[in-house]
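Enquirer: Here it is, the structure in full.
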Amino acid sequence: MTNKNLNKQFHWGVMMIFVTIFQLLTSTVTIVKDGINVRLLWIFIAYIAVEWIYFIIASAFCGQNNFELETIGFTFSGIGLTVCASVYDDYAVKQMLSTLLGLVLFVVMLCVLRRTDVVMFLRMPVAAAALGLLAVNIAFAQYNNGALNWISFKGLSIQPSEIVKLAFIFVGAASLDKLQSTRSLTKYLIFSFVCVGALFYMRDFGTALIFFFTFIVIAFMRSGDVRTIGLVCVVAALGALMVLFFSSTVAARFSTYRHIWDDMNGKGMQQTRVLIYSVSGGLFGLGIGEGKLKDVFASTTDLVFGMICEEWGLIVAFTIVLTYVFILIYAIKVARTTRSAFYAIAACAAAGLLLFQTGLNIFGVTDIVPLTGVTLPFISRGGTSIVCSWGLLAFIKSADIRTYPKLSETILPDYPLYPPDIRIGRYTSRRPVSIPSVPNSGRSSQGKSKATPQKPISTASVTKCSTPNQKVSEEEPDSFSISKFLQKILSKTETNDKPDTGQKPDTNTSKETTAGKKTITGKKTTTGKKTATGKKTGTKTVSAASKGKAPAKRSTPVKKSSSAGGKSR
Amino acid sequence: MNNTTKRAYALLILIVAFIVGLGVMAASFYTHGDEWSSKLVNRHIYSNGQLANAGTIYDVNNTALVYSKNGYRIYNSDKAIRKATLHAVGDNSSFISTGVQSIYSSRLSGYDFVNGVYNLKKYNRGNDIHLTLNAEVCKTAYNALNGRKGTVGVYNYKTGEIVCMVSTPSYDPENKPKNIDGNAAYEGVYLNRFINGNYPPGSTFKVVTAICALENIPDIQSRTFKCTGVYKTSTGEVKCNGVHGTVTFEEALNQSCNSAFAEIAIELGKDKLTKTANELGFNTSETMGEIKLSKSTFDVSKAVSVDLGWAGIGQYTTLVNPCHLLTIMGAIANGGTAIKPYFVKSMVSPADVVTELGKTEVSKSITLDSDIADTVSDLMRSNVKNYYGDSRFPNLKMCGKSGTAQIDNGESHSWFVGFSQNPETPYAIVCVVENSGWGLKAAAPVVNTVMQKICKS
């Protein structure tokens, strides 16, 4: 471990101490409010202990030195826990356990997300599980505040739509990562449609909106094209149709929007109370547990922002919500250096979802946008919401290259079956030589991925398993007419990445030609830049080759593509 | 890959939108904080629908009109004072929307944007508010109205301080009658008639017509008018309250001769009357501190000649707000400079920080030439001296104009407006006694009682 790392860990240790001090201060207020509440005392001790155990294990044994997200997650969860504790002891117990569960999910997801092949493998099962969960939800759910989005099981109620959020991003980022696979795109479209449709059926419009937004983010990040927006509009139109279908419910929901004071003891009750008590708190708040909003229905769930404003003050409340902005900026920043587009898309979608949901929540309860009844991530009371928030955090953290410091050393033995194909980013140092059975697998750089000669492994397994790499499955035959239609819609996108659509490679050997053509004829900026990346990676590969581990063969096409890239500039 | 990550920057749109939303939220918190925090359902300030913990409201002599104790609002111990100051102070539940407890509830509760209602919780009381009212004078006025509906307002026309503001019917806030709703005896009980009342001005409007005549007819004071008990026009006739024979302008005002003023009004015409009325603040919304006064209206755009005659003597469609008429009196008394009336003087925080809430301010909606003001002042002095009799208002050097406003059904409203020319008692007064007939009969004694009380205190 270098000095720099040690410094960083010291830095994060100090940060953790600050977080702990903050939590000690805030929790003490709650604990000693009516005499010393021993139960709450233990809850907070346990919570702080969990934080430190995680921190020590992660930093000392897993070589982690990026704790931005965990710090935020711990702080927010702690605030949520304190809010719960200030209202009702039992809430705090559940909240504490949920946070613990969330942390476990976070760690598990980080482990899963580390391996792109596992991600690709899990894609379909996760999608199926998500749909199954929604089906179970619809079958067994009970109406709760006009929405059908809860399942109760032996006194334990969960909100499946929250869990499906994670699956939605997981499946979306993994599927759309393979650009030209129109079939997988179609599948994802159907998946999205079913999810959003199910949420509409459950009258959970807030979550449906969040899913739709996430879909737009994922689709846009994948295609980046005006035509995609057209595609999105088609989906939006379908959504609008569904809204029309449920128009009476929607109309009732929206009737109070901007008219909350007209019916301040009826439909506008929650928003008016949030506004009244938020301003009553002033900039510095009235003190934890001193508020009156806590007596209003859903104060610790949907209206928790108002409680924070009232009891903790506007400064704390605005700092919290601005932190969600920071998370998104962080995600955008780390997305630039991910190993695979999967991570970039997943991180941005997750962070975008967090901010979008935060916006829906806080602007909903303050009557700036219509109230949709979604939770404030991390802080709102509710087990599933907390767990899901931590899961989303895992997507973002997995995109940070610092998260998997030992990846280059440990990854090789894990991949005995699949060809090496995750080397898209410039930080991967995995070497193709490791798989002797694939002598010519030269897809180490993006620019020349198409040039990969056929491997001994079957095409099917390649396309399925190999790939954050975007070009691989291009040749997947599309037999469905809907796929053709979608391909048409997306044709511009495809041309961006693949100038000559007409010249589809039909045999594996002709791929090289196509790739060559691409790099040479593709004078579009995008192509040029792609090859520029190829150049960088190529250089790396060359240096790897110079160490004698890569077959000399490989370096030639790399050079070709990089020189082409140079030309196109 | 590069493209993908570049596209991530599209999410900046979301960030911008989010921050704009936060800006909107912060701005609305800042601008509406007062209003929102003082909503009846804010349980920091109200408990059981009652203003529970708030500052004390004092009158000019530091008599507590209402204060908080153990989460309850306690009103002054004198029942008559409670009733007399009810509309100024306001009730617990903001039924009286123009009361201090409604309008200034956020200040009484100690709300401010930075601290919210923290000071209320810390000191268990909010800011105190000091009024310019004199509770004893209000009590006198309330008693003088003697159960009749109406309003009395008195203010210092040099400083703008309202000394007395009473509106009846009223009730005892400590013991609110249960049958108050839908009860004819309590009609408009939550209305402060001084601030929100709009009455036909009756003969008091002749002052406005006189001002218009003085502005537009140079020889008006040397002219004579013939009154036969009725003034005939091509479209109808205006009845007079008597047969005055040949009268001068001054005598016409003294005796409130309808024939003469109908003639003058028709001679002046719509445009000049409207212009003068507008210059005197008719058809203009005015405020008193944070309270909106109801607007006096004068509209003769559709009037035929007889209507104009009626309008000139304060009937037709004209409506006047008592506070507005009082301000016009103030303008006449004060040499043409109208000082805006106010009754909320200052706010004192628990930490003894004094904030001024009302001060002497010249009204922008009333303009009056100083010579004409002095002339009208003398004419009104003549009313009292030569016609009503100084014996009605001893030692006051009173100027005034009575009014008997006919209404569609029921007995006329009795008006008296005026002011004292004494430099020691620079007070203007307005008094309306509803359905009580002739102005001098009902309103003038109330005016004298109140003015005498003010002189003594």
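Labeling convention for the structure tokens: chains A, B, ... as they appear, residues from 1 per chain, ligands from 1 in order of appearance.
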Compute the set of chain A residues within 7 Å of chain B, using only C-alpha atoms, and express it as a list in words.
Expert: Met221, Arg222, Gly224, Leu275, Ile276, Tyr277, Val279, Ser280, Gly281, Gly282, Leu283, Phe284, Leu286, Lys292, Val325, Ile332, Ala335, Arg336, Ala341, Ala344, Cys348, Gly352, Gly359 and Lys530 of chain A
Enquirer: Got a sec: who's within 7 Å of Ala135 of chain B, counting only C-alpha atoms, leaving out chain neighbours fewer than 5 positions off, as number ranges by chain?
Expert: B: 59, 81, 85
Enquirer: In Å, with one decimal, what is the gap from atom CA of Pro405 of chain A to atom CA of Trp12 of chain A?
Expert: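 A separation of 16.9 Å between them.
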Enquirer: Quick one: everything within 9 Å of Thr337 of chain B, counting only C-alpha atoms, minus sequence neighbours fewer than 2 positions away in the same chain. Send it as number ranges by chain.
Expert: B: 330-335, 339, 362-363, 366-370, 373
Enquirer: Excluding Val344 of chain B and residues on its chain fewer than 3 positions from it, collect all residues at most 12 Å away from it, counting only C-alpha atoms, and give them as a count of residues only.
Expert: 38
Enquirer: List every residue of segment 288-436 of chain B that DSSP, applied to the backbone of this structure, places in strand (DSSP E or B), and write the result as a PyMOL selection string.
Expert: chain B and resi 288+291-292+297+319-320+339+342+344-348+354-356+362+398-405+413-420+427-433
Enquirer: Using DSSP on the backbone coordinates, identify the residues of segment 244-377 of chain A assigned to helix (DSSP H, G or I); present them as a tab-separated table (two decimals) with N, CA and C atoms, in the first residue's frame.
Expert:
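Contents of result34.tsv, as written:
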chain	number	residue	atom	x	y	z
A	244	LEU	N	-54.50	8.27	-19.79
A	244	LEU	CA	-55.87	8.55	-20.18
A	244	LEU	C	-56.81	7.47	-19.69
A	245	PHE	N	-56.30	6.24	-19.80
A	245	PHE	CA	-57.10	5.11	-19.39
A	245	PHE	C	-57.50	5.23	-17.92
A	247	SER	N	-57.68	8.05	-16.35
A	247	SER	CA	-57.76	9.50	-16.22
A	247	SER	C	-58.46	9.97	-14.96
A	248	SER	N	-59.51	9.27	-14.56
A	248	SER	CA	-60.24	9.76	-13.39
A	248	SER	C	-59.34	9.77	-12.16
A	249	THR	N	-58.57	8.71	-11.99
A	249	THR	CA	-57.67	8.64	-10.85
A	249	THR	C	-56.61	9.73	-10.94
A	250	VAL	N	-56.06	9.85	-12.15
A	250	VAL	CA	-55.01	10.83	-12.33
A	250	VAL	C	-55.56	12.24	-12.09
A	251	ALA	N	-56.72	12.49	-12.67
A	251	ALA	CA	-57.32	13.80	-12.52
A	251	ALA	C	-57.54	14.13	-11.04
A	252	ALA	N	-58.00	13.12	-10.30
A	252	ALA	CA	-58.22	13.35	-8.87
A	252	ALA	C	-56.92	13.69	-8.17
A	253	ARG	N	-55.87	12.99	-8.57
A	253	ARG	CA	-54.57	13.22	-7.95
A	253	ARG	C	-54.06	14.62	-8.25
A	254	PHE	N	-54.30	15.04	-9.50
A	254	PHE	CA	-53.69	16.28	-9.93
A	254	PHE	C	-54.57	17.50	-9.65
A	260	ILE	N	-53.52	23.74	-3.34
A	260	ILE	CA	-53.54	23.03	-2.06
A	260	ILE	C	-54.21	23.85	-0.97
A	261	TRP	N	-54.12	25.17	-1.07
A	261	TRP	CA	-54.69	25.99	0.02
A	261	TRP	C	-56.21	26.04	-0.06
A	262	ASP	N	-56.75	25.67	-1.23
A	262	ASP	CA	-58.21	25.69	-1.35
A	262	ASP	C	-58.84	24.57	-0.53
A	263	ASP	N	-58.07	23.52	-0.33
A	263	ASP	CA	-58.61	22.38	0.40
A	263	ASP	C	-57.57	21.94	1.42
A	269	MET	N	-53.96	18.61	2.42
A	269	MET	CA	-53.50	18.57	3.81
A	269	MET	C	-51.99	18.35	3.94
A	270	GLN	N	-51.49	17.31	3.26
A	270	GLN	CA	-50.08	16.98	3.46
A	270	GLN	C	-49.16	18.11	3.00
A	271	GLN	N	-49.43	18.61	1.78
A	271	GLN	CA	-48.54	19.66	1.26
A	271	GLN	C	-48.63	20.93	2.10
A	272	THR	N	-49.85	21.31	2.47
A	272	THR	CA	-49.95	22.56	3.24
A	272	THR	C	-49.23	22.42	4.57
A	273	ARG	N	-49.34	21.25	5.19
A	273	ARG	CA	-48.65	21.07	6.47
A	273	ARG	C	-47.15	21.13	6.27
A	274	VAL	N	-46.68	20.52	5.19
A	274	VAL	CA	-45.24	20.56	4.93
A	274	VAL	C	-44.78	22.01	4.79
A	275	LEU	N	-45.53	22.80	4.04
A	275	LEU	CA	-45.13	24.19	3.83
A	275	LEU	C	-45.18	24.98	5.14
A	276	ILE	N	-46.28	24.81	5.86
A	276	ILE	CA	-46.45	25.56	7.11
A	276	ILE	C	-45.31	25.25	8.08
A	277	TYR	N	-45.04	23.95	8.23
A	277	TYR	CA	-44.05	23.59	9.24
A	277	TYR	C	-42.62	23.76	8.72
A	278	SER	N	-42.44	23.68	7.42
A	278	SER	CA	-41.09	23.91	6.89
A	278	SER	C	-40.65	25.33	7.17
A	279	VAL	N	-41.53	26.30	6.91
A	279	VAL	CA	-41.13	27.68	7.16
A	279	VAL	C	-41.07	27.96	8.65
A	280	SER	N	-41.86	27.21	9.44
A	280	SER	CA	-41.82	27.42	10.89
A	280	SER	C	-40.46	27.06	11.47
A	281	GLY	N	-39.77	26.17	10.78
A	281	GLY	CA	-38.48	25.73	11.31
A	281	GLY	C	-37.37	26.75	11.15
A	293	LEU	N	-44.94	18.53	12.53
A	293	LEU	CA	-45.28	17.81	11.31
A	293	LEU	C	-45.30	16.30	11.56
A	294	LYS	N	-44.56	15.89	12.58
A	294	LYS	CA	-44.47	14.44	12.83
A	294	LYS	C	-45.82	13.82	13.13
A	295	ASP	N	-46.78	14.64	13.54
A	295	ASP	CA	-48.10	14.11	13.84
A	295	ASP	C	-48.98	13.99	12.61
A	304	VAL	N	-40.97	13.40	4.81
A	304	VAL	CA	-39.82	13.52	5.69
A	304	VAL	C	-39.01	14.79	5.40
A	305	PHE	N	-39.06	15.26	4.17
A	305	PHE	CA	-38.35	16.49	3.84
A	305	PHE	C	-38.88	17.65	4.69
A	306	GLY	N	-40.19	17.69	4.85
A	306	GLY	CA	-40.79	18.73	5.69
A	306	GLY	C	-40.34	18.61	7.13
A	307	MET	N	-40.23	17.36	7.60
A	307	MET	CA	-39.78	17.16	8.98
A	307	MET	C	-38.36	17.64	9.16
A	308	ILE	N	-37.53	17.36	8.16
A	308	ILE	CA	-36.14	17.81	8.25
A	308	ILE	C	-36.09	19.33	8.26
A	309	CYS	N	-36.87	19.95	7.37
A	309	CYS	CA	-36.91	21.42	7.32
A	309	CYS	C	-37.32	21.97	8.68
A	310	GLU	N	-38.36	21.38	9.25
A	310	GLU	CA	-38.90	21.92	10.49
A	310	GLU	C	-37.96	21.69	11.68
A	311	GLU	N	-37.46	20.47	11.78
A	311	GLU	CA	-36.71	20.13	12.99
A	311	GLU	C	-35.21	20.36	12.84
A	312	TRP	N	-34.70	20.18	11.64
A	312	TRP	CA	-33.25	20.29	11.45
A	312	TRP	C	-32.89	21.61	10.77
A	314	LEU	N	-33.69	24.61	7.43
A	314	LEU	CA	-33.62	24.65	5.97
A	314	LEU	C	-32.20	24.41	5.48
A	315	ILE	N	-31.22	24.84	6.26
A	315	ILE	CA	-29.82	24.68	5.80
A	315	ILE	C	-29.50	23.20	5.67
A	316	VAL	N	-29.81	22.43	6.70
A	316	VAL	CA	-29.54	20.99	6.65
A	316	VAL	C	-30.36	20.35	5.51
A	317	ALA	N	-31.63	20.75	5.42
A	317	ALA	CA	-32.50	20.14	4.41
A	317	ALA	C	-31.97	20.40	3.01
A	318	PHE	N	-31.58	21.64	2.76
A	318	PHE	CA	-31.08	21.96	1.42
A	318	PHE	C	-29.72	21.32	1.18
A	319	THR	N	-28.91	21.20	2.21
A	319	THR	CA	-27.62	20.52	2.04
A	319	THR	C	-27.86	19.06	1.64
A	320	ILE	N	-28.81	18.44	2.31
A	320	ILE	CA	-29.11	17.04	2.00
A	320	ILE	C	-29.52	16.90	0.54
A	321	VAL	N	-30.47	17.71	0.10
A	321	VAL	CA	-30.95	17.50	-1.26
A	321	VAL	C	-29.89	17.89	-2.29
A	322	LEU	N	-29.04	18.85	-1.94
A	322	LEU	CA	-27.96	19.19	-2.88
A	322	LEU	C	-26.94	18.06	-2.95
A	323	THR	N	-26.86	17.27	-1.90
A	323	THR	CA	-25.93	16.14	-1.92
A	323	THR	C	-26.33	15.12	-2.99
A	324	TYR	N	-27.63	15.00	-3.23
A	324	TYR	CA	-28.07	14.10	-4.31
A	324	TYR	C	-27.54	14.61	-5.66
A	325	VAL	N	-27.47	15.93	-5.78
A	325	VAL	CA	-26.86	16.49	-7.00
A	325	VAL	C	-25.40	16.08	-7.07
A	326	PHE	N	-24.73	16.14	-5.93
A	326	PHE	CA	-23.32	15.74	-5.91
A	326	PHE	C	-23.17	14.29	-6.35
A	327	ILE	N	-24.07	13.43	-5.87
A	327	ILE	CA	-23.98	12.01	-6.25
A	327	ILE	C	-24.04	11.86	-7.77
A	328	LEU	N	-24.95	12.63	-8.39
A	328	LEU	CA	-25.08	12.52	-9.85
A	328	LEU	C	-23.82	13.05	-10.55
A	329	ILE	N	-23.30	14.16	-10.05
A	329	ILE	CA	-22.08	14.70	-10.66
A	329	ILE	C	-20.94	13.68	-10.52
A	330	TYR	N	-20.86	13.08	-9.35
A	330	TYR	CA	-19.86	12.05	-9.10
A	330	TYR	C	-20.03	10.91	-10.11
A	331	ALA	N	-21.28	10.49	-10.31
A	331	ALA	CA	-21.54	9.38	-11.23
A	331	ALA	C	-21.11	9.75	-12.65
A	332	ILE	N	-21.45	10.98	-13.06
A	332	ILE	CA	-21.07	11.40	-14.41
A	332	ILE	C	-19.55	11.39	-14.54
A	333	LYS	N	-18.90	11.81	-13.46
A	333	LYS	CA	-17.44	11.89	-13.50
A	333	LYS	C	-16.82	10.50	-13.56
A	334	VAL	N	-17.28	9.60	-12.70
A	334	VAL	CA	-16.66	8.27	-12.71
A	334	VAL	C	-17.04	7.50	-13.98
A	335	ALA	N	-18.15	7.88	-14.61
A	335	ALA	CA	-18.57	7.16	-15.81
A	335	ALA	C	-17.55	7.34	-16.94
A	341	ALA	N	-19.12	0.15	-20.80
A	341	ALA	CA	-20.26	1.06	-20.88
A	341	ALA	C	-21.34	0.65	-19.90
A	342	PHE	N	-21.37	-0.62	-19.55
A	342	PHE	CA	-22.36	-1.09	-18.58
A	342	PHE	C	-22.30	-0.26	-17.31
A	343	TYR	N	-21.06	-0.07	-16.81
A	343	TYR	CA	-20.91	0.65	-15.54
A	343	TYR	C	-21.33	2.11	-15.70
A	344	ALA	N	-20.93	2.69	-16.82
A	344	ALA	CA	-21.26	4.10	-17.04
A	344	ALA	C	-22.77	4.28	-17.06
A	345	ILE	N	-23.43	3.41	-17.82
A	345	ILE	CA	-24.88	3.54	-17.94
A	345	ILE	C	-25.56	3.27	-16.61
A	346	ALA	N	-25.11	2.19	-15.95
A	346	ALA	CA	-25.76	1.84	-14.69
A	346	ALA	C	-25.57	2.95	-13.66
A	347	ALA	N	-24.35	3.48	-13.59
A	347	ALA	CA	-24.07	4.51	-12.59
A	347	ALA	C	-24.90	5.76	-12.86
A	348	CYS	N	-24.91	6.19	-14.13
A	348	CYS	CA	-25.65	7.41	-14.44
A	348	CYS	C	-27.15	7.20	-14.26
A	349	ALA	N	-27.62	6.02	-14.65
A	349	ALA	CA	-29.05	5.75	-14.48
A	349	ALA	C	-29.41	5.73	-13.01
A	350	ALA	N	-28.55	5.10	-12.20
A	350	ALA	CA	-28.85	5.01	-10.76
A	350	ALA	C	-28.83	6.38	-10.10
A	351	ALA	N	-27.78	7.15	-10.41
A	351	ALA	CA	-27.67	8.47	-9.79
A	351	ALA	C	-28.77	9.40	-10.30
A	352	GLY	N	-29.07	9.28	-11.61
A	352	GLY	CA	-30.16	10.08	-12.17
A	352	GLY	C	-31.48	9.73	-11.51
A	353	LEU	N	-31.67	8.42	-11.31
A	353	LEU	CA	-32.90	7.97	-10.65
A	353	LEU	C	-33.01	8.55	-9.24
A	354	LEU	N	-31.88	8.51	-8.52
A	354	LEU	CA	-31.89	9.05	-7.15
A	354	LEU	C	-32.30	10.52	-7.15
A	355	LEU	N	-31.68	11.28	-8.04
A	355	LEU	CA	-31.96	12.72	-8.06
A	355	LEU	C	-33.39	12.98	-8.53
A	356	PHE	N	-33.80	12.23	-9.54
A	356	PHE	CA	-35.15	12.39	-10.07
A	356	PHE	C	-36.19	12.09	-9.00
A	357	GLN	N	-35.95	11.00	-8.28
A	357	GLN	CA	-36.89	10.63	-7.22
A	357	GLN	C	-36.89	11.66	-6.10
A	358	THR	N	-35.68	12.15	-5.78
A	358	THR	CA	-35.59	13.21	-4.77
A	358	THR	C	-36.41	14.42	-5.20
A	359	GLY	N	-36.24	14.77	-6.49
A	359	GLY	CA	-37.00	15.92	-7.01
A	359	GLY	C	-38.49	15.69	-6.91
A	360	LEU	N	-38.93	14.51	-7.36
A	360	LEU	CA	-40.37	14.20	-7.30
A	360	LEU	C	-40.87	14.32	-5.87
A	361	ASN	N	-40.05	13.83	-4.93
A	361	ASN	CA	-40.47	13.85	-3.54
A	361	ASN	C	-40.52	15.27	-2.99
A	362	ILE	N	-39.40	15.97	-3.02
A	362	ILE	CA	-39.38	17.26	-2.31
A	362	ILE	C	-40.20	18.31	-3.04
A	363	PHE	N	-40.21	18.27	-4.38
A	363	PHE	CA	-41.02	19.27	-5.09
A	363	PHE	C	-42.50	18.88	-5.05
A	364	GLY	N	-42.74	17.58	-4.89
A	364	GLY	CA	-44.13	17.14	-4.75
A	364	GLY	C	-44.75	17.60	-3.46
A	365	VAL	N	-44.03	17.41	-2.36
A	365	VAL	CA	-44.62	17.78	-1.07
A	365	VAL	C	-44.67	19.29	-0.87
Enquirer: From the options B:Gln421, B:Asn92, B:Ser259, B:Ser222, which residue's atoms come nearest to Glu174 of chain B, counting only C-alpha atoms?
Expert: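 Among the listed residues, the smallest separation from Glu174 of chain B belongs to B:Asn92.
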Enquirer: What does the distance from atom CA of Ser59 of chain A to atom CA of Leu110 of chain A come to in Å, to one decimal?
Expert: 14.7 Å
Enquirer: Considering only C-alpha atoms, return as a list in words whatever protein or nucleic-acid residues lie within 8 Å of segment 392-402 of chain B, sequence-local ones (same chain, fewer than 3 positions apart) excluded.
Expert: Ser203, Thr204, Val207, Ser377, Asp378, Met380, Arg381, Ser382, Asn383, Val384, Tyr388, Gly389, Ser414, Trp415, Phe416, Val417, Gly418, Phe419, Ser420, Gln421, Asn422, Thr425, Gly439, Leu440, Ala443, Ala444, Pro445, Asn448 and Met451 of chain B
